[in-house]
Amino acid sequence: MTATSGDLADFARRLPKAELHLHIEGTLEPELMFELARRNGIRLPYASVDDVRRAYVFSDLQSFLDIYYAGCCVLLTEQDFYDLTWAYLARAAQQRVRHAEIFFDPQTHTDRGVPFDTVVSGIHRALQEGEAHFGIRSG
């Protein structure tokens, strides 16, 4: 008896997973980007969530960096970094991620005047609560 591709895909979905060297800023979804922009009074260079989704189909490094930095500009408060990390953890739990090696880009935020402690505190709090809630360890 041979396994079908559906059987293999289902098997892979059920496997526990680890994400290694994940840059948390790169997980920002368009809906959360707009929510944080509204909350923080930031005007984005995109008119809608659909515009952001289209921009995620980048063709070169510069087009990637444009959307990456546009996303980073909405991250200002500890709660923003918490919400970003929590949203990632919720999606990761659905994919059976059990360990996530989280990285972040401090100078992207400190260069904009966001205190280092603000970034670390928001991410760390979400990771601690995420382990308790989702069972996802981090490092």
# chains A, B, ... in the order shown; residues from 1 in each chain; ligands from 1
$ residues_around --residues "Arg53 in chain A" --least-positions-apart "2" --cutoff "12 Å" --atoms "only C-alpha atoms" --output "ChimeraX atom specification"
/A:28-31,33-34,46-51,55-58,67
$ write_last_selection --atoms "N, CA and C atoms" --output "PDB file, in the first residue's frame"
ATOM      1  N   LEU A  28       4.984  40.066  10.581  1.00  0.00           N
ATOM      2  CA  LEU A  28       3.874  41.027  10.690  1.00  0.00           C
ATOM      3  C   LEU A  28       2.903  40.849   9.526  1.00  0.00           C
ATOM      4  N   GLU A  29       1.666  40.535   9.848  1.00  0.00           N
ATOM      5  CA  GLU A  29       0.614  40.364   8.844  1.00  0.00           C
ATOM      6  C   GLU A  29      -0.011  41.722   8.508  1.00  0.00           C
ATOM      7  N   PRO A  30      -0.520  41.880   7.283  1.00  0.00           N
ATOM      8  CA  PRO A  30      -1.086  43.170   6.865  1.00  0.00           C
ATOM      9  C   PRO A  30      -2.195  43.692   7.775  1.00  0.00           C
ATOM     10  N   GLU A  31      -3.062  42.822   8.252  1.00  0.00           N
ATOM     11  CA  GLU A  31      -4.157  43.277   9.117  1.00  0.00           C
ATOM     12  C   GLU A  31      -3.620  43.895  10.398  1.00  0.00           C
ATOM     13  N   MET A  33      -0.602  45.112  10.793  1.00  0.00           N
ATOM     14  CA  MET A  33       0.116  46.327  10.408  1.00  0.00           C
ATOM     15  C   MET A  33      -0.840  47.523  10.398  1.00  0.00           C
ATOM     16  N   PHE A  34      -2.013  47.353   9.792  1.00  0.00           N
ATOM     17  CA  PHE A  34      -2.990  48.441   9.740  1.00  0.00           C
ATOM     18  C   PHE A  34      -3.568  48.746  11.111  1.00  0.00           C
ATOM     19  N   TYR A  46       0.587  52.411   2.077  1.00  0.00           N
ATOM     20  CA  TYR A  46      -0.327  51.494   1.416  1.00  0.00           C
ATOM     21  C   TYR A  46      -1.748  51.912   1.746  1.00  0.00           C
ATOM     22  N   ALA A  47      -2.637  51.832   0.770  1.00  0.00           N
ATOM     23  CA  ALA A  47      -4.018  52.275   0.967  1.00  0.00           C
ATOM     24  C   ALA A  47      -4.876  51.230   1.668  1.00  0.00           C
ATOM     25  N   SER A  48      -4.498  49.960   1.565  1.00  0.00           N
ATOM     26  CA  SER A  48      -5.352  48.909   2.109  1.00  0.00           C
ATOM     27  C   SER A  48      -4.539  47.666   2.450  1.00  0.00           C
ATOM     28  N   VAL A  49      -5.199  46.763   3.149  1.00  0.00           N
ATOM     29  CA  VAL A  49      -4.597  45.468   3.466  1.00  0.00           C
ATOM     30  C   VAL A  49      -4.247  44.739   2.172  1.00  0.00           C
ATOM     31  N   ASP A  50      -5.121  44.826   1.177  1.00  0.00           N
ATOM     32  CA  ASP A  50      -4.846  44.170  -0.112  1.00  0.00           C
ATOM     33  C   ASP A  50      -3.606  44.744  -0.785  1.00  0.00           C
ATOM     34  N   ASP A  51      -3.399  46.054  -0.662  1.00  0.00           N
ATOM     35  CA  ASP A  51      -2.181  46.661  -1.215  1.00  0.00           C
ATOM     36  C   ASP A  51      -0.930  46.092  -0.542  1.00  0.00           C
ATOM     37  N   ALA A  55       2.161  43.868  -2.086  1.00  0.00           N
ATOM     38  CA  ALA A  55       3.555  44.275  -1.893  1.00  0.00           C
ATOM     39  C   ALA A  55       4.400  43.123  -1.337  1.00  0.00           C
ATOM     40  N   TYR A  56       3.760  42.167  -0.652  1.00  0.00           N
ATOM     41  CA  TYR A  56       4.492  41.015  -0.125  1.00  0.00           C
ATOM     42  C   TYR A  56       5.018  40.102  -1.229  1.00  0.00           C
ATOM     43  N   VAL A  57       4.557  40.301  -2.433  1.00  0.00           N
ATOM     44  CA  VAL A  57       5.099  39.564  -3.579  1.00  0.00           C
ATOM     45  C   VAL A  57       6.212  40.445  -4.141  1.00  0.00           C
ATOM     46  N   PHE A  58       7.357  40.421  -3.461  1.00  0.00           N
ATOM     47  CA  PHE A  58       8.447  41.318  -3.825  1.00  0.00           C
ATOM     48  C   PHE A  58       9.342  40.672  -4.866  1.00  0.00           C
ATOM     49  N   ILE A  67       8.768  47.040   2.294  1.00  0.00           N
ATOM     50  CA  ILE A  67       7.640  46.575   3.108  1.00  0.00           C
ATOM     51  C   ILE A  67       8.090  46.222   4.526  1.00  0.00           C
TER      52      ILE A  67
END
$ closest_atom_pairs --of "range 14-80 of chain A" --to "range 130-139 of chain A" --cutoff "12 Å" --atoms "only C-alpha atoms" --output "tab-separated table"
residue	atom	partner	partner_atom	distance
A:Pro16	CA	A:Ile136	CA	10.4
A:Lys17	CA	A:Ile136	CA	9.9
A:Ala18	CA	A:Ile136	CA	9.2
A:Glu19	CA	A:Ser138	CA	9.3
A:Leu20	CA	A:Gly139	CA	9.5
A:His21	CA	A:Gly139	CA	9.7
A:Leu22	CA	A:Gly139	CA	10.6
$ select_by_dssp --residues "chain A" --states "strand (DSSP E or B)" --output "mmCIF file with N, CA and C atoms, in the first residue's frame"
data_model
loop_
_atom_site.group_PDB
_atom_site.id
_atom_site.type_symbol
_atom_site.label_atom_id
_atom_site.label_comp_id
_atom_site.auth_asym_id
_atom_site.auth_seq_id
_atom_site.Cartn_x
_atom_site.Cartn_y
_atom_site.Cartn_z
ATOM 1 N N LYS A 17 7.025 20.844 15.146
ATOM 2 C CA LYS A 17 8.019 21.564 14.361
ATOM 3 C C LYS A 17 8.806 22.545 15.224
ATOM 4 N N ALA A 18 9.947 22.951 14.685
ATOM 5 C CA ALA A 18 10.758 24.014 15.284
ATOM 6 C C ALA A 18 11.012 25.051 14.207
ATOM 7 N N GLU A 19 10.944 26.308 14.592
ATOM 8 C CA GLU A 19 11.309 27.384 13.675
ATOM 9 C C GLU A 19 12.626 27.946 14.177
ATOM 10 N N LEU A 20 13.609 27.962 13.299
ATOM 11 C CA LEU A 20 14.938 28.414 13.678
ATOM 12 C C LEU A 20 15.258 29.725 12.983
ATOM 13 N N HIS A 21 15.831 30.627 13.734
ATOM 14 C CA HIS A 21 16.281 31.926 13.234
ATOM 15 C C HIS A 21 15.140 32.700 12.573
ATOM 16 N N LEU A 22 14.073 32.873 13.314
ATOM 17 C CA LEU A 22 12.898 33.597 12.834
ATOM 18 C C LEU A 22 12.992 35.062 13.263
ATOM 19 N N HIS A 23 12.997 35.967 12.310
ATOM 20 C CA HIS A 23 12.981 37.405 12.620
ATOM 21 C C HIS A 23 11.535 37.820 12.814
ATOM 22 N N VAL A 97 4.091 24.204 15.770
ATOM 23 C CA VAL A 97 5.434 24.625 16.161
ATOM 24 C C VAL A 97 5.537 24.442 17.676
ATOM 25 N N ARG A 98 6.598 23.812 18.119
ATOM 26 C CA ARG A 98 6.811 23.565 19.546
ATOM 27 C C ARG A 98 8.006 24.324 20.097
ATOM 28 N N HIS A 99 8.852 24.828 19.212
ATOM 29 C CA HIS A 99 10.000 25.630 19.636
ATOM 30 C C HIS A 99 10.261 26.680 18.563
ATOM 31 N N ALA A 100 10.469 27.912 18.990
ATOM 32 C CA ALA A 100 10.766 29.002 18.058
ATOM 33 C C ALA A 100 11.997 29.750 18.539
ATOM 34 N N GLU A 101 12.953 29.879 17.655
ATOM 35 C CA GLU A 101 14.176 30.631 17.930
ATOM 36 C C GLU A 101 13.951 32.032 17.361
ATOM 37 N N ILE A 102 13.584 32.959 18.239
ATOM 38 C CA ILE A 102 13.155 34.305 17.842
ATOM 39 C C ILE A 102 14.326 35.275 17.832
ATOM 40 N N PHE A 103 14.446 36.007 16.752
ATOM 41 C CA PHE A 103 15.407 37.101 16.627
ATOM 42 C C PHE A 103 14.635 38.386 16.388
ATOM 43 N N ARG A 137 8.007 26.654 23.303
ATOM 44 C CA ARG A 137 9.230 27.129 23.949
ATOM 45 C C ARG A 137 9.949 28.076 22.993
ATOM 46 N N SER A 138 10.813 28.891 23.541
ATOM 47 C CA SER A 138 11.546 29.823 22.694
ATOM 48 C C SER A 138 12.941 30.023 23.238
#
$ select_by_dssp --residues "range 1-118 of chain A" --states "helix (DSSP H, G or I)" --output "VMD selection string"
chain A and resid 5 to 14 24 to 27 30 to 40 49 to 55 61 to 72 78 to 94 106 to 110 116 to 118
$ residues_around --residues "range 111-126 of chain A" --least-positions-apart "6" --cutoff "9 Å" --atoms "only C-alpha atoms" --output "PyMOL selection string"
chain A and resi 24+73+75-86+89+104
